[in-house]
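Q: To start, I am sharing the structure in question, which I have written as structure tokens.
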Protein chains: 4
Amino acid sequence: MRIRDYGIDVGSLPTGKLNKISDVPGVSVGHSTVISEKHQTGVSVVMPCADNPFLHKLPAACFVLNGYGKTAGLVQIDELGTLETPIALTNTLNVGLIHDAMTGYMIDRCAADGVGLTSVNPIVCECNDSRLNNITERVLGKENLLEAISGARADFKEGAVGAGRGMSCHGLKGGIGSASRVLAFDGESFAVGVLVLTNHGKIEDLTVNGDAVGKRISGMPGDSGPERGSCIVILATDLPLCDRQIRRVLKRCPVGMARLGSYVGQGSGEIFVGFSTANRYDTGDRRAIRQVSIFDDAKLDAVFRAAAESTEEAILNAMAAAETVTGYRGFTRRSLSEYL
Amino acid sequence: MRIRDYGIDVGSLPTGKLNKISDVPGVSVGHSTVISEKHQTGVSVVMPCADNPFLHKLPAACFVLNGYGKTAGLVQIDELGTLETPIALTNTLNVGLIHDAMTGYMIDRCAADGVGLTSVNPIVCECNDSRLNNITERVLGKENLLEAISGARADFKEGAVGAGRGMSCHGLKGGIGSASRVLAFDGESFAVGVLVLTNHGKIEDLTVNGDAVGKRISGMPGDSGPERGSCIVILATDLPLCDRQIRRVLKRCPVGMARLGSYVGQGSGEIFVGFSTANRYDTGDRRAIRQVSIFDDAKLDAVFRAAAESTEEAILNAMAAAETVTGYRGFTRRSLSEYL
Amino acid sequence: MRIRDYGIDVGSLPTGKLNKISDVPGVSVGHSTVISEKHQTGVSVVMPCADNPFLHKLPAACFVLNGYGKTAGLVQIDELGTLETPIALTNTLNVGLIHDAMTGYMIDRCAADGVGLTSVNPIVCECNDSRLNNITERVLGKENLLEAISGARADFKEGAVGAGRGMSCHGLKGGIGSASRVLAFDGESFAVGVLVLTNHGKIEDLTVNGDAVGKRISGMPGDSGPERGSCIVILATDLPLCDRQIRRVLKRCPVGMARLGSYVGQGSGEIFVGFSTANRYDTGDRRAIRQVSIFDDAKLDAVFRAAAESTEEAILNAMAAAETVTGYRGFTRRSLSEYL
Amino acid sequence: MRIRDYGIDVGSLPTGKLNKISDVPGVSVGHSTVISEKHQTGVSVVMPCADNPFLHKLPAACFVLNGYGKTAGLVQIDELGTLETPIALTNTLNVGLIHDAMTGYMIDRCAADGVGLTSVNPIVCECNDSRLNNITERVLGKENLLEAISGARADFKEGAVGAGRGMSCHGLKGGIGSASRVLAFDGESFAVGVLVLTNHGKIEDLTVNGDAVGKRISGMPGDSGPERGSCIVILATDLPLCDRQIRRVLKRCPVGMARLGSYVGQGSGEIFVGFSTANRYDTGDRRAIRQVSIFDDAKLDAVFRAAAESTEEAILNAMAAAETVTGYRGFTRRSLSEYL
């Protein structure tokens, strides 16, 4: 069940066919979920393209709204404006092992493509699932990453899966969510899609399409304490945006979070990574100068709206799809679906 | 009439006594308004302190959400983390003359204090009032700045005054607004206050406390066209925040804008400038090392909420206080108060 | 006399025909110089193109190494990645009046092109000439800007002219200097050119091609005191660089300053602005998506070297060309040419 | 043998007692070096303090001159302005495993201090040693990190040790180097120290105190190809600098690199991380507001000079101390000491 299945529409723009980030052609998502007595955690991956991203890099950018986080790989994205690996999402303390797993995966994948890789920039994003998961035992490794990658598909699962397994959102169960919008320019259709890993917000602040539902349903265990604010947003588009334009678009994703009640708590990171599947950069091309297409900044308003709407709906999809989970030491996060 | 006079409360934190930026001790605001057949424009100033800010600089920071704007002075604030002049707000094409006027004012003020000033960093923020004002005739100069400064007071006017005279907001009349919140730490009370110059948003997006009022009242001339998004937010506090912390607080002001329906349009600048009145830096002090107080980042959540709530309420105050104005070439912006 | 006329070559790359920023086709430079009993000051302009830059914007970027400065217009360059006016250089306290003059010039120029301009982003850079110039009397206005613009040419003057009239460099006379390098890619030739306004450095640190000449010639009045570090560098190229790449190139200009002995003093701003004359953005084009050429980051090494060498040589050209000047209150800065 | 042992002094400021980063009280450095037929690599750690940095965080900042690198942990330093772990340095593809090793080390160390750690921000810097090391086999893990940490001392080794084992610099053998300067303020003495991991530069550009030695000794195998530019600089001081001031100081470290001939090549990262051992932030302190000391920006010139000089000398120390190494597939990097 997604949020629209409950009769709740977000925004005014038309959605893509799947209403997921994978409405951008070539993009797919996979998960590896770990469920045990002590662990509720996992890895999710956003595959930006079907072929090897290291050999055909994608224009990319990031925006850090709250840098209280451990996401790895942003320095090079800022400098070169390109993405060269899948994007992994996992829990805070497992960043290192997934970073190494992605390094190994890329070495192998490039070797299969006949390229000896000696440098690569894995992107590993994270939220902290320590309420539901025994986070200090870093149980996620190469097998989990490979499972997530091999299982990646366009019509992927949302909710308490993959990296979202142990996450909380507005005092309820959080997780993985997605949404998309389609736009027309110069007679062609383009998609803007978003995937979120939600782990932020206080329950009393939760507001859905103007309805302060959080105030009605608050009062459960775990409500108190500071807003933690951790939320990862991955944005994809097939519009030919340059890295500077992608960054501009990413800056509108927080609008969707604010609409739902977040005040962007100080306690954890809100980090936005975006890429375009147009104008890919072929590393085998020896020319110094190439032709690319570029989008007009003056037309960005609709893209901004698409980013904000998609983020808002993706967060609601994550909450609607995530079932109630009882995890480490018996702590429970209830599903929003129980209240819809 | 302010927004609370219409029974509309914003947020949950207690307001300051005036519910204005001037609840921060020492802060005052003044206006110079120009109304003529061709002109609806003006200058507003935020005086950060009663004494000379150049001789006792204030910790300061800025955050640029959308840099499609002409605000002057941010480079030095970023580098040195201090504010050394009043902050002026005016229209886009008048930035140069007000910059020069502020330069002259500071030369004179420092001379009166026995200091020969040879370098100063005026802060001049702007929005574009070209719908209601004949903006290409830059009619604002030294006299207007001095009038605004000499008229600065704690209980200042809001609405279609000063720099706000020609501004529009969500398709209605915009202008100057303010609000504040009070917070307690370590047994003491502190204020966070905000002043906004609102010139952003589309009418169909306007949402007040979850009520999509904009959709009901749209359909007036001038509604169409892209969201322009221009909004200046000045934030003051007497909390002992360093420049990095002030920047963190400023990043939560857009939450207030998003709640009201803004998607942060591409067409104009959204710029946030903040300062603290604690820990002022005495330029006459010859010691290399001094003692200051500093705030704990872990306690910032309440300050973030105060910034978001104050920004949201200040925008509504600007709209509620601004009367209907008919300006250049007969163009009219109606007041929100007609619909409340 | 330029530095090569004294037998001092800088770096290894070939220079352009003029060995000036104007080796980039379309770029020209003009000056207005004010010399009086109290004033040694002026305005210089870099014209980025022969036609109206507002109607055909140029890819641009900036890099702030030391933001202790008052340069106006960088916020919008960072956001939109474009330059839409000539670049003016002047003294610190005259930024406002030259900003207004540029605003007026652009209004008039756009009107002549049939465009009603209601928003424009003037770029005004500055250094502080208060040792040689009575800086508090802001004597530069619209006439000076127009004189500089109308006098702009490819084979412009260097030294104690325009904005450089009152500047000091490494305890000697500073001013305006320029240099260029030519590079070949894909069988075509491209230019990288630099214009500097030098007002930085201590004499005892001055080093020319490894020779610590400053230590030999120091001991003159005015040597003592902190390094002020103010230096403006304008970089142009006809390579099709995007804004991100231009910023990368600008970050190599400080190499040239460091080679000459600068430690980048805390006291004033070191600001770098660059633009490309390729891929200009036609504001009258209604398409959302256009074709542009783009340069491969992997080929940037030679461009970086060109930027560093050009900056180093331009600073030496400024010093070699600047004659000894005695200014306000009889203060004198001697010419480097007296020691060469 | 250090560079001063060859009669080459750098700069004019007095050095600390050890002339190393460890002249800052509490700072120590350790290495774990792996030497085998296929591997020339290792880990180095900078211990910022004798006690647990997570419980008493240190003011910190970073500066990215060239972000073509994979350093992890900078996002949180930028946001919070604090360092909470030792700083690890290693090779590019081993970042993930050392990140995980540091995570484990911090969990254990906090447990020993009675604190249950659920979030931590490891700082892992890297250069690429793939010429001398079989980098794709990531052989460095927890044991190496623990060996480096347990062996940390004030009088640590320089040269081809730890992370420096497989690095190259200006076509010769690079590695780990260090230097320091002492400064007096308000009658007290303070230290500024630097540790570098050098892996940058072309041999023909190498210049020592103005002597273009590189041109004389170039012509060896491996000279050709692009400048790679990778250099990590860690800076420590006991001056009470805030994060903004530390960043200002870091921006002067590249001066030392430029003096030696670097043009800051595009191909790899140049990243600067600094911290202060004054004003440590006690996470157990429940007060919102505390007293700290703060340094006056106007006095920073000497600190800037100390940073530039220390960086220049540290790079030379790395090269002077590093012996000739023959590594993976028989590739050899000769020692600068052979030419001194």
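Residues in the structure tokens are numbered from 1 in each chain, the chains being A, B, ... in the order shown, and ligands are numbered from 1 in the order shown.
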Within 9 Å of chain B, which residues of chain A are there when counting only C-alpha atoms? Please give them as a PyMOL selection string.

A: chain A and resi 65-66+207-212+226-227+248+251-252+254-267+297-302+304-305+308

Q: Could those residues be written to a file, using C-alpha atoms, as a PDB file, in the first residue's frame?

A:
ATOM      1  CA  LEU A  65      21.450  20.675   4.531  1.00  0.00           C
ATOM      2  CA  ASN A  66      22.660  19.212   7.810  1.00  0.00           C
ATOM      3  CA  THR A 207       1.387  16.952   9.082  1.00  0.00           C
ATOM      4  CA  VAL A 208      -0.135  15.369   5.987  1.00  0.00           C
ATOM      5  CA  ASN A 209      -1.544  17.704   3.358  1.00  0.00           C
ATOM      6  CA  GLY A 210      -2.182  20.290   6.045  1.00  0.00           C
ATOM      7  CA  ASP A 211      -3.724  17.849   8.530  1.00  0.00           C
ATOM      8  CA  ALA A 212      -1.765  17.763  11.800  1.00  0.00           C
ATOM      9  CA  PRO A 226      15.062  15.646  20.250  1.00  0.00           C
ATOM     10  CA  GLU A 227      14.190  15.571  16.580  1.00  0.00           C
ATOM     11  CA  ARG A 248      19.799  23.743  -7.436  1.00  0.00           C
ATOM     12  CA  LYS A 251      17.904  22.372  -2.639  1.00  0.00           C
ATOM     13  CA  ARG A 252      14.135  22.130  -3.214  1.00  0.00           C
ATOM     14  CA  PRO A 254      13.714  19.953   1.814  1.00  0.00           C
ATOM     15  CA  VAL A 255      10.448  21.721   0.924  1.00  0.00           C
ATOM     16  CA  GLY A 256       8.816  18.297   0.884  1.00  0.00           C
ATOM     17  CA  MET A 257      10.236  17.483   4.305  1.00  0.00           C
ATOM     18  CA  ALA A 258       9.099  20.790   5.798  1.00  0.00           C
ATOM     19  CA  ARG A 259       5.550  20.300   4.512  1.00  0.00           C
ATOM     20  CA  LEU A 260       5.367  17.081   6.525  1.00  0.00           C
ATOM     21  CA  GLY A 261       6.466  18.786   9.709  1.00  0.00           C
ATOM     22  CA  SER A 262      10.247  18.504   9.929  1.00  0.00           C
ATOM     23  CA  TYR A 263      12.195  21.352  11.519  1.00  0.00           C
ATOM     24  CA  VAL A 264      15.490  19.796  10.340  1.00  0.00           C
ATOM     25  CA  GLY A 265      16.736  18.654  13.725  1.00  0.00           C
ATOM     26  CA  GLN A 266      20.341  19.206  14.641  1.00  0.00           C
ATOM     27  CA  GLY A 267      21.060  15.611  15.548  1.00  0.00           C
ATOM     28  CA  ASP A 297      17.992  27.553 -15.864  1.00  0.00           C
ATOM     29  CA  ALA A 298      15.015  29.781 -16.588  1.00  0.00           C
ATOM     30  CA  LYS A 299      12.877  26.682 -17.076  1.00  0.00           C
ATOM     31  CA  LEU A 300      13.794  25.067 -13.746  1.00  0.00           C
ATOM     32  CA  ASP A 301      10.668  26.055 -11.790  1.00  0.00           C
ATOM     33  CA  ALA A 302       8.757  22.952 -12.817  1.00  0.00           C
ATOM     34  CA  PHE A 304      11.965  22.343  -8.549  1.00  0.00           C
ATOM     35  CA  ARG A 305       8.301  21.627  -7.940  1.00  0.00           C
ATOM     36  CA  ALA A 308       9.656  18.985  -3.730  1.00  0.00           C
TER      37      ALA A 308
END

Q: List as a ChimeraX atom specification the protein and nucleic acid residues near Ser180 in chain C, meaning an atom at most 6 Å away when only C-alpha atoms are counted, but skip any in the same chain fewer than 2 places from it.

A: /C:15-16,19-21,192-193,310

Q: Identify all residues of range 22-202 of chain A in alpha helix (DSSP H) (DSSP on the backbone) and supply them as an NGL selection string.

A: :A and (74-80 or 95-112 or 142-150)

Q: Name all residues at most 12 Å from Ala163 in chain B (count only C-alpha atoms; drop same-chain ones fewer than 5 positions away) and give them as a count of residues only.

A: 50

Q: List every residue of range 233-288 of chain A that DSSP, applied to the backbone of this structure, places in strand (DSSP E or B), and write the result as an mmCIF file with C-alpha atoms, in the first residue's frame.

A:
data_model
loop_
_atom_site.group_PDB
_atom_site.id
_atom_site.type_symbol
_atom_site.label_atom_id
_atom_site.label_comp_id
_atom_site.auth_asym_id
_atom_site.auth_seq_id
_atom_site.Cartn_x
_atom_site.Cartn_y
_atom_site.Cartn_z
ATOM 1 C CA VAL A 233 17.341 11.838 -0.584
ATOM 2 C CA ILE A 234 18.594 10.444 -3.896
ATOM 3 C CA LEU A 235 17.272 12.248 -6.953
ATOM 4 C CA ALA A 236 17.488 11.123 -10.562
ATOM 5 C CA THR A 237 16.418 12.699 -13.804
ATOM 6 C CA GLU A 270 20.133 15.521 5.866
ATOM 7 C CA ILE A 271 21.997 14.883 2.696
ATOM 8 C CA PHE A 272 20.835 15.058 -0.901
ATOM 9 C CA VAL A 273 22.558 13.419 -3.863
ATOM 10 C CA GLY A 274 21.343 13.777 -7.427
ATOM 11 C CA PHE A 275 22.373 12.659 -10.875
ATOM 12 C CA SER A 276 21.320 12.968 -14.480
ATOM 13 C CA TYR A 281 30.897 11.130 -19.844
ATOM 14 C CA ASP A 282 32.690 8.366 -21.728
#

Q: So that I can check the surroundings of Arg280 in chain B, please list as a PDB file with C-alpha atoms, in the first residue's frame every protein, DNA and RNA residue that reaches within 10 Å of it, counting only C-alpha atoms and ignoring chain neighbours fewer than 2 positions away.

A:
ATOM      1  CA  PRO B  53      28.864  48.046  15.093  1.00  0.00           C
ATOM      2  CA  LEU B  55      33.895  49.266  16.723  1.00  0.00           C
ATOM      3  CA  HIS B  56      32.170  46.319  18.378  1.00  0.00           C
ATOM      4  CA  LYS B  57      31.547  43.812  15.624  1.00  0.00           C
ATOM      5  CA  LEU B  58      28.863  41.157  15.986  1.00  0.00           C
ATOM      6  CA  PRO B  59      29.203  37.438  15.191  1.00  0.00           C
ATOM      7  CA  THR B  82      31.260  39.359  11.717  1.00  0.00           C
ATOM      8  CA  LEU B  83      28.821  42.143  10.957  1.00  0.00           C
ATOM      9  CA  PRO B 240      26.003  33.364  22.211  1.00  0.00           C
ATOM     10  CA  SER B 276      24.252  37.468  17.533  1.00  0.00           C
ATOM     11  CA  THR B 277      24.434  40.367  19.961  1.00  0.00           C
ATOM     12  CA  ALA B 278      26.492  38.317  22.424  1.00  0.00           C
ATOM     13  CA  ASP B 282      35.975  45.040  20.410  1.00  0.00           C
ATOM     14  CA  THR B 283      38.382  46.278  17.726  1.00  0.00           C
ATOM     15  CA  VAL B 292      33.771  34.467  25.113  1.00  0.00           C
TER      16      VAL B 292
END
